[in-house]
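Trainee: Sharing final-v8.pdb, PDB, C-alpha atoms, pLDDT in the B column:
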ATOM      1  CA  GLN A   1      69.765 104.004 236.271  1.00 87.00           C
ATOM      2  CA  THR A   2      71.852 106.024 233.838  1.00 95.00           C
ATOM      3  CA  VAL A   3      75.581 106.435 234.482  1.00 97.00           C
ATOM      4  CA  LEU A   4      77.903 108.890 232.743  1.00 98.00           C
ATOM      5  CA  TYR A   5      81.525 107.785 233.016  1.00 98.00           C
ATOM      6  CA  TYR A   6      84.214 110.395 232.313  1.00 98.00           C
ATOM      7  CA  THR A   7      87.616 108.840 231.716  1.00 98.00           C
ATOM      8  CA  LEU A   8      90.697 111.038 231.705  1.00 97.00           C
ATOM      9  CA  GLU A   9      93.267 108.260 231.829  1.00 93.00           C
ATOM     10  CA  ILE A  10      92.434 105.778 229.062  1.00 94.00           C
ATOM     11  CA  GLY A  11      90.424 106.115 225.865  1.00 96.00           C
ATOM     12  CA  ALA A  12      86.695 105.459 225.651  1.00 96.00           C
ATOM     13  CA  ASP A  13      87.150 102.299 223.553  1.00 96.00           C
ATOM     14  CA  ARG A  14      89.518 100.736 226.078  1.00 95.00           C
ATOM     15  CA  MET A  15      87.228 101.695 228.941  1.00 96.00           C
ATOM     16  CA  LEU A  16      84.256 100.118 227.173  1.00 95.00           C
ATOM     17  CA  CYS A  17      86.303  96.937 226.732  1.00 95.00           C
ATOM     18  CA  ARG A  18      86.915  96.919 230.480  1.00 94.00           C
ATOM     19  CA  LEU A  19      83.203  97.346 231.145  1.00 95.00           C
ATOM     20  CA  TYR A  20      82.391  94.533 228.712  1.00 96.00           C
ATOM     21  CA  ALA A  21      84.968  92.346 230.478  1.00 95.00           C
ATOM     22  CA  ARG A  22      83.364  93.088 233.831  1.00 95.00           C
ATOM     23  CA  THR A  23      79.843  92.391 232.566  1.00 96.00           C
ATOM     24  CA  ALA A  24      80.756  89.126 230.823  1.00 96.00           C
ATOM     25  CA  GLN A  25      83.308  88.073 233.493  1.00 95.00           C
ATOM     26  CA  LEU A  26      86.074  87.724 230.945  1.00 95.00           C
ATOM     27  CA  SER A  27      89.571  89.125 230.743  1.00 92.00           C
ATOM     28  CA  THR A  28      90.023  91.819 228.105  1.00 92.00           C
ATOM     29  CA  LYS A  29      92.224  89.418 226.113  1.00 93.00           C
ATOM     30  CA  GLU A  30      89.296  87.011 225.819  1.00 95.00           C
ATOM     31  CA  LEU A  31      86.756  89.517 224.497  1.00 95.00           C
ATOM     32  CA  SER A  32      87.329  89.118 220.753  1.00 95.00           C
ATOM     33  CA  LYS A  33      86.762  85.355 220.953  1.00 96.00           C
ATOM     34  CA  ASN A  34      83.581  85.557 223.024  1.00 97.00           C
ATOM     35  CA  ILE A  35      81.271  88.009 221.234  1.00 97.00           C
ATOM     36  CA  PRO A  36      78.076  85.910 221.777  1.00 97.00           C
ATOM     37  CA  ARG A  37      78.798  85.684 225.502  1.00 97.00           C
ATOM     38  CA  ILE A  38      79.315  89.437 225.702  1.00 97.00           C
ATOM     39  CA  ARG A  39      76.063  90.162 223.866  1.00 97.00           C
ATOM     40  CA  SER A  40      74.200  87.792 226.182  1.00 97.00           C
ATOM     41  CA  ALA A  41      75.745  89.415 229.254  1.00 96.00           C
ATOM     42  CA  LEU A  42      74.866  92.918 228.052  1.00 95.00           C
ATOM     43  CA  LYS A  43      71.289  91.855 227.328  1.00 95.00           C
ATOM     44  CA  ARG A  44      71.014  90.350 230.807  1.00 95.00           C
ATOM     45  CA  PHE A  45      72.471  93.548 232.310  1.00 93.00           C
ATOM     46  CA  ARG A  46      69.873  95.725 230.565  1.00 92.00           C
ATOM     47  CA  LEU A  47      67.002  93.441 231.565  1.00 93.00           C
ATOM     48  CA  THR A  48      68.013  93.140 235.226  1.00 94.00           C
ATOM     49  CA  THR A  49      69.109  96.723 235.886  1.00 92.00           C
ATOM     50  CA  ASN A  50      67.375  98.811 233.230  1.00 90.00           C
ATOM     51  CA  GLY A  51      70.686 100.642 233.264  1.00 89.00           C
ATOM     52  CA  THR A  52      72.759 102.462 230.648  1.00 94.00           C
ATOM     53  CA  VAL A  53      76.410 103.505 230.876  1.00 95.00           C
ATOM     54  CA  TRP A  54      77.715 106.307 228.685  1.00 97.00           C
ATOM     55  CA  VAL A  55      81.485 106.764 228.404  1.00 97.00           C
ATOM     56  CA  LYS A  56      83.181 110.041 227.473  1.00 98.00           C
ATOM     57  CA  PHE A  57      86.951 110.500 227.129  1.00 98.00           C
ATOM     58  CA  PHE A  58      88.877 113.716 227.716  1.00 98.00           C
ATOM     59  CA  PRO A  59      92.706 113.813 227.716  1.00 97.00           C
ATOM     60  CA  ALA A  60      94.232 114.323 231.147  1.00 96.00           C
ATOM     61  CA  ARG A  61      94.594 117.926 232.356  1.00 93.00           C
ATOM     62  CA  THR A  62      92.833 119.391 229.311  1.00 95.00           C
ATOM     63  CA  ILE A  63      89.452 120.016 230.953  1.00 96.00           C
ATOM     64  CA  THR A  64      88.035 121.732 234.005  1.00 96.00           C
ATOM     65  CA  VAL A  65      84.929 120.862 235.994  1.00 97.00           C
ATOM     66  CA  GLU A  66      83.170 123.516 233.906  1.00 97.00           C
ATOM     67  CA  THR A  67      83.836 121.341 230.830  1.00 97.00           C
ATOM     68  CA  ILE A  68      82.037 118.447 232.503  1.00 98.00           C
ATOM     69  CA  LYS A  69      79.138 120.740 233.427  1.00 98.00           C
ATOM     70  CA  THR A  70      78.847 121.839 229.802  1.00 98.00           C
ATOM     71  CA  HIS A  71      78.868 118.235 228.624  1.00 98.00           C
ATOM     72  CA  LEU A  72      76.215 117.246 231.187  1.00 98.00           C
ATOM     73  CA  ALA A  73      74.012 120.117 230.029  1.00 98.00           C
ATOM     74  CA  MET A  74      74.453 119.001 226.424  1.00 97.00           C
ATOM     75  CA  ALA A  75      73.620 115.408 227.393  1.00 97.00           C
ATOM     76  CA  ALA A  76      70.467 116.606 229.170  1.00 96.00           C
ATOM     77  CA  GLY A  77      69.443 118.328 225.932  1.00 96.00           C
ATOM     78  CA  LEU A  78      69.622 114.899 224.288  1.00 96.00           C
ATOM     79  CA  ASP A  79      67.517 113.443 227.117  1.00 95.00           C
ATOM     80  CA  VAL A  80      70.502 111.720 228.729  1.00 95.00           C
ATOM     81  CA  LYS A  81      70.090 112.514 232.417  1.00 95.00           C
ATOM     82  CA  PRO A  82      72.397 110.443 234.612  1.00 97.00           C
ATOM     83  CA  GLN A  83      71.782 109.696 238.252  1.00 97.00           C
ATOM     84  CA  LEU A  84      75.466 108.866 238.740  1.00 98.00           C
ATOM     85  CA  VAL A  85      78.568 110.588 237.351  1.00 98.00           C
ATOM     86  CA  ILE A  86      81.933 108.837 237.617  1.00 98.00           C
ATOM     87  CA  VAL A  87      85.107 110.858 237.099  1.00 98.00           C
ATOM     88  CA  ASP A  88      88.193 108.718 236.508  1.00 95.00           C
ATOM     89  CA  TYR A  89      89.834 110.501 238.079  1.00 92.00           C
ATOM     90  CA  ALA A  90      89.524 113.963 239.612  1.00 96.00           C
ATOM     91  CA  ASP A  91      93.258 114.532 240.137  1.00 95.00           C
ATOM     92  CA  LEU A  92      93.639 114.675 236.336  1.00 96.00           C
ATOM     93  CA  ILE A  93      91.231 117.625 235.992  1.00 96.00           C
ATOM     94  CA  LYS A  94      92.656 121.083 235.380  1.00 93.00           C
ATOM     95  CA  PRO A  95      91.725 123.716 237.980  1.00 89.00           C
ATOM     96  CA  VAL A  96      89.496 126.587 236.841  1.00 82.00           C
ATOM     97  CA  GLY A  97      91.639 129.669 236.222  1.00 73.00           C
ATOM     98  CA  GLY A  98      94.884 127.734 235.852  1.00 62.00           C
ATOM     99  CA  ARG A  99      97.553 126.923 238.402  1.00 60.00           C
ATOM    100  CA  ARG A 100      97.605 128.366 241.911  1.00 57.00           C
ATOM    101  CA  ASN A 101     101.265 129.441 242.036  1.00 64.00           C
ATOM    102  CA  GLY A 102     102.363 125.829 242.195  1.00 70.00           C
ATOM    103  CA  ASN A 103     100.153 125.059 245.212  1.00 87.00           C
ATOM    104  CA  ARG A 104      98.953 121.634 244.134  1.00 89.00           C
ATOM    105  CA  ALA A 105      97.088 120.964 247.373  1.00 91.00           C
ATOM    106  CA  GLU A 106      94.992 124.104 246.879  1.00 91.00           C
ATOM    107  CA  GLU A 107      94.318 123.205 243.245  1.00 93.00           C
ATOM    108  CA  LEU A 108      93.031 119.775 244.210  1.00 94.00           C
ATOM    109  CA  ARG A 109      90.860 121.162 246.988  1.00 93.00           C
ATOM    110  CA  GLU A 110      89.193 123.531 244.495  1.00 94.00           C
ATOM    111  CA  ILE A 111      88.671 120.731 241.956  1.00 96.00           C
ATOM    112  CA  TYR A 112      86.912 118.582 244.539  1.00 96.00           C
ATOM    113  CA  GLU A 113      84.808 121.512 245.726  1.00 96.00           C
ATOM    114  CA  ASP A 114      83.815 122.219 242.113  1.00 96.00           C
ATOM    115  CA  LEU A 115      82.773 118.576 241.665  1.00 97.00           C
ATOM    116  CA  ARG A 116      80.635 118.794 244.769  1.00 96.00           C
ATOM    117  CA  THR A 117      78.974 121.924 243.370  1.00 97.00           C
ATOM    118  CA  LEU A 118      78.362 120.059 240.108  1.00 98.00           C
ATOM    119  CA  ALA A 119      76.628 117.267 242.034  1.00 97.00           C
ATOM    120  CA  ASP A 120      74.304 119.798 243.662  1.00 97.00           C
ATOM    121  CA  GLU A 121      73.549 121.675 240.433  1.00 97.00           C
ATOM    122  CA  PHE A 122      72.685 118.557 238.422  1.00 97.00           C
ATOM    123  CA  SER A 123      71.227 116.519 241.303  1.00 97.00           C
ATOM    124  CA  VAL A 124      73.579 113.616 240.683  1.00 97.00           C
ATOM    125  CA  HIS A 125      75.882 111.469 242.757  1.00 97.00           C
ATOM    126  CA  VAL A 126      79.551 111.908 241.875  1.00 98.00           C
ATOM    127  CA  ILE A 127      82.167 109.224 242.448  1.00 98.00           C
ATOM    128  CA  THR A 128      85.876 109.607 241.818  1.00 98.00           C
ATOM    129  CA  ALA A 129      89.066 107.898 242.899  1.00 96.00           C
ATOM    130  CA  SER A 130      92.332 109.109 244.339  1.00 95.00           C
ATOM    131  CA  GLN A 131      95.663 107.563 245.154  1.00 93.00           C
ATOM    132  CA  SER A 132      97.087 107.063 248.620  1.00 94.00           C
ATOM    133  CA  THR A 133     100.665 107.803 249.604  1.00 92.00           C
ATOM    134  CA  ARG A 134     103.426 105.403 248.597  1.00 89.00           C
ATOM    135  CA  HIS A 135     103.993 103.981 252.078  1.00 91.00           C
ATOM    136  CA  THR A 136     100.452 102.537 252.154  1.00 93.00           C
ATOM    137  CA  LEU A 137     101.248  99.875 249.542  1.00 91.00           C
ATOM    138  CA  TYR A 138     100.059  96.603 251.140  1.00 92.00           C
ATOM    139  CA  ALA A 139      99.228  98.500 254.359  1.00 94.00           C
ATOM    140  CA  HIS A 140      96.665  96.843 256.619  1.00 94.00           C
ATOM    141  CA  LYS A 141      94.693 100.070 256.935  1.00 95.00           C
ATOM    142  CA  ILE A 142      94.469 103.200 254.798  1.00 95.00           C
ATOM    143  CA  ASP A 143      92.833 106.268 256.383  1.00 95.00           C
ATOM    144  CA  LEU A 144      92.108 109.899 255.558  1.00 94.00           C
ATOM    145  CA  ASP A 145      95.592 111.137 256.374  1.00 93.00           C
ATOM    146  CA  ASP A 146      97.014 108.676 253.836  1.00 93.00           C
ATOM    147  CA  ILE A 147      95.311 110.377 250.865  1.00 94.00           C
ATOM    148  CA  SER A 148      97.995 111.824 248.606  1.00 93.00           C
ATOM    149  CA  GLU A 149      98.735 115.484 247.908  1.00 90.00           C
ATOM    150  CA  SER A 150      95.783 117.305 249.484  1.00 91.00           C
ATOM    151  CA  TRP A 151      93.831 117.002 252.734  1.00 91.00           C
ATOM    152  CA  GLY A 152      91.173 119.095 250.999  1.00 92.00           C
ATOM    153  CA  LYS A 153      89.959 115.996 249.152  1.00 95.00           C
ATOM    154  CA  ALA A 154      88.902 114.330 252.400  1.00 93.00           C
ATOM    155  CA  GLN A 155      87.463 117.550 253.796  1.00 93.00           C
ATOM    156  CA  THR A 156      85.237 118.060 250.754  1.00 95.00           C
ATOM    157  CA  ALA A 157      83.979 114.520 250.146  1.00 95.00           C
ATOM    158  CA  ASP A 158      80.795 113.314 251.830  1.00 95.00           C
ATOM    159  CA  SER A 159      82.100 109.754 251.923  1.00 96.00           C
ATOM    160  CA  VAL A 160      85.556 108.235 251.607  1.00 96.00           C
ATOM    161  CA  VAL A 161      86.040 104.487 251.190  1.00 96.00           C
ATOM    162  CA  CYS A 162      89.594 103.132 251.215  1.00 96.00           C
ATOM    163  CA  VAL A 163      90.551  99.907 249.443  1.00 96.00           C
ATOM    164  CA  CYS A 164      92.883  97.979 251.748  1.00 97.00           C
ATOM    165  CA  GLN A 165      94.756  94.846 250.733  1.00 97.00           C
ATOM    166  CA  THR A 166      97.858  93.324 252.292  1.00 97.00           C
ATOM    167  CA  GLU A 167     100.177  91.014 250.341  1.00 96.00           C
ATOM    168  CA  GLU A 168      98.558  88.021 252.046  1.00 97.00           C
ATOM    169  CA  GLU A 169      95.096  89.234 251.077  1.00 97.00           C
ATOM    170  CA  GLN A 170      96.208  89.895 247.506  1.00 96.00           C
ATOM    171  CA  LYS A 171      97.429  86.317 247.128  1.00 95.00           C
ATOM    172  CA  ALA A 172      94.139  85.042 248.595  1.00 97.00           C
ATOM    173  CA  GLY A 173      92.025  87.243 246.317  1.00 97.00           C
ATOM    174  CA  VAL A 174      90.332  89.126 249.149  1.00 98.00           C
ATOM    175  CA  GLY A 175      90.511  92.583 250.702  1.00 97.00           C
ATOM    176  CA  ARG A 176      88.696  95.122 252.847  1.00 97.00           C
ATOM    177  CA  LEU A 177      86.850  98.355 252.172  1.00 97.00           C
ATOM    178  CA  TYR A 178      87.363 100.737 255.091  1.00 96.00           C
ATOM    179  CA  VAL A 179      84.788 103.515 255.452  1.00 96.00           C
ATOM    180  CA  ALA A 180      87.098 106.349 256.482  1.00 96.00           C
ATOM    181  CA  LYS A 181      84.409 109.026 256.244  1.00 96.00           C
ATOM    182  CA  ALA A 182      80.645 108.934 255.947  1.00 93.00           C
ATOM    183  CA  ARG A 183      78.770 112.173 256.504  1.00 84.00           C
ATOM    184  CA  ASN A 184      75.662 111.619 258.653  1.00 76.00           C
ATOM    185  CA  GLU A 185      76.670 107.979 259.103  1.00 75.00           C
ATOM    186  CA  THR A 186      79.049 106.036 261.314  1.00 75.00           C
ATOM    187  CA  LYS A 187      82.626 105.936 260.016  1.00 83.00           C
ATOM    188  CA  GLY A 188      85.033 103.122 260.660  1.00 91.00           C
ATOM    189  CA  SER A 189      83.018 100.182 259.353  1.00 93.00           C
ATOM    190  CA  ILE A 190      84.772  97.459 257.362  1.00 96.00           C
ATOM    191  CA  ILE A 191      83.369  95.568 254.385  1.00 96.00           C
ATOM    192  CA  HIS A 192      85.080  92.302 253.511  1.00 98.00           C
ATOM    193  CA  VAL A 193      85.357  91.661 249.786  1.00 98.00           C
ATOM    194  CA  LYS A 194      86.477  89.111 247.248  1.00 97.00           C
ATOM    195  CA  THR A 195      88.633  90.589 244.498  1.00 97.00           C
ATOM    196  CA  LYS A 196      89.055  89.421 240.933  1.00 94.00           C
ATOM    197  CA  PHE A 197      90.853  92.270 239.246  1.00 91.00           C
ATOM    198  CA  SER A 198      91.360  90.336 236.006  1.00 88.00           C
ATOM    199  CA  VAL A 199      87.634  90.851 235.363  1.00 90.00           C
ATOM    200  CA  LEU A 200      87.351  94.102 237.344  1.00 89.00           C
ATOM    201  CA  THR A 201      85.211  92.575 240.085  1.00 93.00           C
ATOM    202  CA  VAL A 202      85.026  93.415 243.788  1.00 95.00           C
ATOM    203  CA  SER A 203      82.154  91.665 245.583  1.00 97.00           C
ATOM    204  CA  GLU A 204      81.100  91.682 249.220  1.00 97.00           C
ATOM    205  CA  ILE A 205      81.564  88.503 251.277  1.00 97.00           C
ATOM    206  CA  ASP A 206      80.859  87.710 254.920  1.00 96.00           C
ATOM    207  CA  ARG A 207      83.647  87.691 257.486  1.00 95.00           C
ATOM    208  CA  LYS A 208      83.584  83.895 257.756  1.00 96.00           C
ATOM    209  CA  SER A 209      84.298  83.526 254.042  1.00 96.00           C
ATOM    210  CA  TYR A 210      87.014  86.169 254.299  1.00 96.00           C
ATOM    211  CA  VAL A 211      88.753  84.373 257.181  1.00 96.00           C
ATOM    212  CA  HIS A 212      88.456  81.031 255.416  1.00 95.00           C
ATOM    213  CA  SER A 213      90.131  82.486 252.305  1.00 93.00           C
ATOM    214  CA  ILE A 214      93.041  83.796 254.332  1.00 87.00           C
TER
END
Translate this file's structure into structure tokens.
Mentor:
Amino acid sequence: QTVLYYTLEIGADRMLCRLYARTAQLSTKELSKNIPRIRSALKRFRLTTNGTVWVKFFPARTITVETIKTHLAMAAGLDVKPQLVIVDYADLIKPVGGRRNGNRAEELREIYEDLRTLADEFSVHVITASQSTRHTLYAHKIDLDDISESWGKAQTADSVVCVCQTEEEQKAGVGRLYVAKARNETKGSIIHVKTKFSVLTVSEIDRKSYVHSI
């Protein structure tokens, strides 16, 4: 599977370092001292997944969804045809046609609708992230009405998965993924996970392991 990762928050080199850290299960500070381990991990990744990740950086609020479409078309001309597009993250995209008289909620709704159109046009899955409101820090449950700035994000997305982690869970290195929306599926399911953010890892565990960790 080919993945095209658009980062609007940090540079491509730093993002690649994060991906290397995840693949080799190292912290970013350890990368320079573990080159052989990284090469081995990347080789194993290619052999087991047959996958490729391309990373492209654009400065925040300098591009529109049309810019991403143009880049995808150019990539296709070079025979790079991703099945998955990751946008990190959509709130940093500039709306087509400029600002909507200061109506940020409307701007965000249009950006998310444009990304959905992009997914249809290029037959790709699109994943992005968004922040929740401030009061949800360490909340037990984050839901659709906790998404910051625009309800239009939740209305447009086919699926919304919220990362929930209380202070107790954070200390234990676990958390929960709450499926707040799943078009054509059943919403409300909970996936228990083990978290290791130092190496950018979130992995599913069974409920028994989750309870034992707490």
Trainee: Could you spell out the hits of the PyMOL selection byres ((chain A and resi 197) around 12) on the shown file, as a list in words?
Mentor: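 Selection result, ordered by chain and number: Arg18, Ala21, Arg22, Gln25, Leu26, Ser27, Thr28, Gln170, Lys171, Gly173, Val174, Gly175, Val193, Lys194, Thr195, Lys196, Ser198, Val199, Leu200, Thr201, Val202 and Ser203 of chain A.
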Trainee: Go ahead and save the picked residues with C-alpha atoms, as an mmCIF file, in the frame of the given file.
Mentor:
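Listed below is the output, selection_15.cif:
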data_model
loop_
_atom_site.group_PDB
_atom_site.id
_atom_site.type_symbol
_atom_site.label_atom_id
_atom_site.label_comp_id
_atom_site.auth_asym_id
_atom_site.auth_seq_id
_atom_site.Cartn_x
_atom_site.Cartn_y
_atom_site.Cartn_z
ATOM 1 C CA ARG A 18 86.915 96.919 230.480
ATOM 2 C CA ALA A 21 84.968 92.346 230.478
ATOM 3 C CA ARG A 22 83.364 93.088 233.831
ATOM 4 C CA GLN A 25 83.308 88.073 233.493
ATOM 5 C CA LEU A 26 86.074 87.724 230.945
ATOM 6 C CA SER A 27 89.571 89.125 230.743
ATOM 7 C CA THR A 28 90.023 91.819 228.105
ATOM 8 C CA GLN A 170 96.208 89.895 247.506
ATOM 9 C CA LYS A 171 97.429 86.317 247.128
ATOM 10 C CA GLY A 173 92.025 87.243 246.317
ATOM 11 C CA VAL A 174 90.332 89.126 249.149
ATOM 12 C CA GLY A 175 90.511 92.583 250.702
ATOM 13 C CA VAL A 193 85.357 91.661 249.786
ATOM 14 C CA LYS A 194 86.477 89.111 247.248
ATOM 15 C CA THR A 195 88.633 90.589 244.498
ATOM 16 C CA LYS A 196 89.055 89.421 240.933
ATOM 17 C CA SER A 198 91.360 90.336 236.006
ATOM 18 C CA VAL A 199 87.634 90.851 235.363
ATOM 19 C CA LEU A 200 87.351 94.102 237.344
ATOM 20 C CA THR A 201 85.211 92.575 240.085
ATOM 21 C CA VAL A 202 85.026 93.415 243.788
ATOM 22 C CA SER A 203 82.154 91.665 245.583
#
Trainee: Which one is closest to Leu8 in chain A: A:Asp91, A:Asp146, A:Asp114, A:Glu107? Count only C-alpha atoms.
Mentor: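 Under the stated criterion, the closest residue is A:Asp91.
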Trainee: Quick one: which residues end up in the PyMOL selection byres ((chain A and resi 178) around 8) for this structure, as number ranges by chain?
Mentor: A: 141-143, 161-164, 176-177, 179-180, 188-191
Trainee: Which residues are close to Ala157 in chain A, i.e. within 10 Å by all atoms listed in the file, leaving aside same-chain residues fewer than 6 positions away? Reply as a list in words.
Mentor: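 Once the nearby chain positions are removed, what remains is Tyr112, Glu113, Leu115, Arg116, Val126, Ile127, Thr128, Lys181, Ala182 and Arg183 of chain A.
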Trainee: Mind pulling up the distance from CA of Glu167 in chain A to CA of Arg134 in chain A?
Mentor: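 Atom-to-atom, CA of Arg134 in chain A to CA of Glu167 in chain A, that is 14.9 Å.
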Trainee: Rounded to one decimal in Å, what is the spacing between CA of Lys33 in chain A and CA of Gly11 in chain A?
Mentor: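 Taking CA of Lys33 in chain A and CA of Gly11 in chain A, their separation equals 21.6 Å.
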Trainee: Please indicate the distance in Å from CA of His71 in chain A to CA of Ile86 in chain A, rounded to one decimal place.
Mentor: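 Distance reported for this atom pair: 13.4 Å.
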Trainee: I'd like to know which of A:Val85, A:Ile147, A:Val55, A:Leu47 is closest to Ala12 in chain A, using all atoms listed in the file.
Mentor: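 Once distances to Ala12 in chain A are computed over all atoms listed in the file, the minimum belongs to A:Val55.
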Trainee: Name every residue that the PyMOL selection byres ((chain A and resi 68) around 12) selects in this structure, writing the answer as a ChimeraX atom specification with chains first and numbers rising.
Mentor: /A:4-8,56-58,62-67,69-75,85-87,90,93-94,96,111,114-115,117-119,122,126
Trainee: Can you tell me, as a ChimeraX atom specification, which residues sit within 9 Å of (94.9, 118.4, 249.8) in the file's frame, using all atoms listed in the file?
Mentor: /A:104-109,147-155
Trainee: For Ala24 in chain A, find every residue with an atom within 10 Å (counting only C-alpha atoms), except residues of its own chain fewer than 3 positions away, and show them as a list in words.
Mentor: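 Selected residues are Arg18, Leu19, Tyr20, Ala21, Ser27, Leu31, Asn34, Ile35, Pro36, Arg37, Ile38, Arg39, Ser40, Ala41, Leu42, Arg44, Phe45 and Val199 of chain A.
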Trainee: Would you please work out which residue, of A:Asp145, A:Pro95, A:Val160, A:Trp54, is nearest to Glu110 in chain A when using all atoms listed in the file?
Mentor: A:Pro95
Trainee: Once 6 Å is added on each side, what are the centre and the three edge lengths, in Å to one decimal, of the axis-aligned box enclosing the listed atoms of range 166-185 of chain A? Present them as AutoDock Vina command-line options.
Mentor:
--center_x 87.9 --center_y 98.6 --center_z 252.7 --size_x 36.5 --size_y 39.1 --size_z 24.8
Trainee: With all atoms listed in the file as the basis for distance, which of A:His192, A:His135, A:His140, A:Arg61 is at the shortest distance from Glu9 in chain A?
Mentor: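 Looking at the shortest contact to Glu9 in chain A, the residue is A:Arg61.
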Trainee: Which one is closest to Leu92 in chain A: A:Ile10, A:Leu137, A:Ile214, A:Val124? Count only C-alpha atoms.
Mentor: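 Using only C-alpha atoms, the shortest distance to Leu92 in chain A belongs to A:Ile10.
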Trainee: Calculated over all atoms listed in the file, which of the candidates A:Thr2, A:Thr48, A:Leu144, A:Ala129 has the smallest distance to Asp79 in chain A?
Mentor: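 Going through A:Thr2, A:Thr48, A:Leu144, A:Ala129 one by one, the smallest distance to Asp79 in chain A is for A:Thr2.
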Trainee: Take range 187-202 of chain A, model N, CA, C and O atoms, and hand the result over as a compact mmCIF listing (two decimals), keeping the file's coordinate frame.
Mentor:
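Saved as rebuild_29.txt:
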# COMPACT_ATOMS: atom_id res chain seq x y z
N LYS A 187 81.39 106.29 260.72
CA LYS A 187 82.63 105.94 260.02
C LYS A 187 83.29 104.76 260.73
O LYS A 187 82.92 104.38 261.83
N GLY A 188 84.24 104.18 260.04
CA GLY A 188 85.03 103.12 260.66
C GLY A 188 84.58 101.70 260.36
O GLY A 188 85.23 100.75 260.78
N SER A 189 83.48 101.54 259.65
CA SER A 189 83.02 100.18 259.35
C SER A 189 83.91 99.55 258.29
O SER A 189 84.55 100.23 257.49
N ILE A 190 83.93 98.21 258.29
CA ILE A 190 84.77 97.46 257.36
C ILE A 190 83.90 96.49 256.57
O ILE A 190 83.07 95.78 257.14
N ILE A 191 84.09 96.47 255.27
CA ILE A 191 83.37 95.57 254.38
C ILE A 191 84.38 94.59 253.80
O ILE A 191 85.35 94.99 253.15
N HIS A 192 84.19 93.32 254.05
CA HIS A 192 85.08 92.30 253.51
C HIS A 192 84.67 91.98 252.07
O HIS A 192 83.47 91.85 251.78
N VAL A 193 85.66 91.86 251.21
CA VAL A 193 85.36 91.66 249.79
C VAL A 193 86.24 90.58 249.18
O VAL A 193 87.34 90.29 249.67
N LYS A 194 85.71 90.01 248.11
CA LYS A 194 86.48 89.11 247.25
C LYS A 194 86.89 89.90 246.02
O LYS A 194 86.08 90.62 245.44
N THR A 195 88.15 89.81 245.63
CA THR A 195 88.63 90.59 244.50
C THR A 195 89.02 89.68 243.34
O THR A 195 89.60 88.61 243.53
N LYS A 196 88.66 90.11 242.15
CA LYS A 196 89.06 89.42 240.93
C LYS A 196 89.34 90.50 239.91
O LYS A 196 88.52 90.82 239.04
N PHE A 197 90.52 91.10 240.04
CA PHE A 197 90.85 92.27 239.25
C PHE A 197 90.99 91.96 237.76
O PHE A 197 90.88 92.86 236.93
N SER A 198 91.24 90.70 237.42
CA SER A 198 91.36 90.34 236.01
C SER A 198 90.06 90.59 235.26
O SER A 198 90.06 90.82 234.04
N VAL A 199 88.93 90.55 235.98
CA VAL A 199 87.63 90.85 235.36
C VAL A 199 86.97 92.02 236.08
O VAL A 199 85.74 92.18 236.07
N LEU A 200 87.80 92.85 236.74
CA LEU A 200 87.35 94.10 237.34
C LEU A 200 86.20 93.90 238.32
O LEU A 200 85.22 94.66 238.33
N THR A 201 86.30 92.89 239.18
CA THR A 201 85.21 92.58 240.08
C THR A 201 85.65 92.65 241.54
O THR A 201 86.67 92.07 241.93
N VAL A 202 84.87 93.38 242.33
CA VAL A 202 85.03 93.42 243.79
C VAL A 202 83.65 93.14 244.37
O VAL A 202 82.72 93.93 244.15
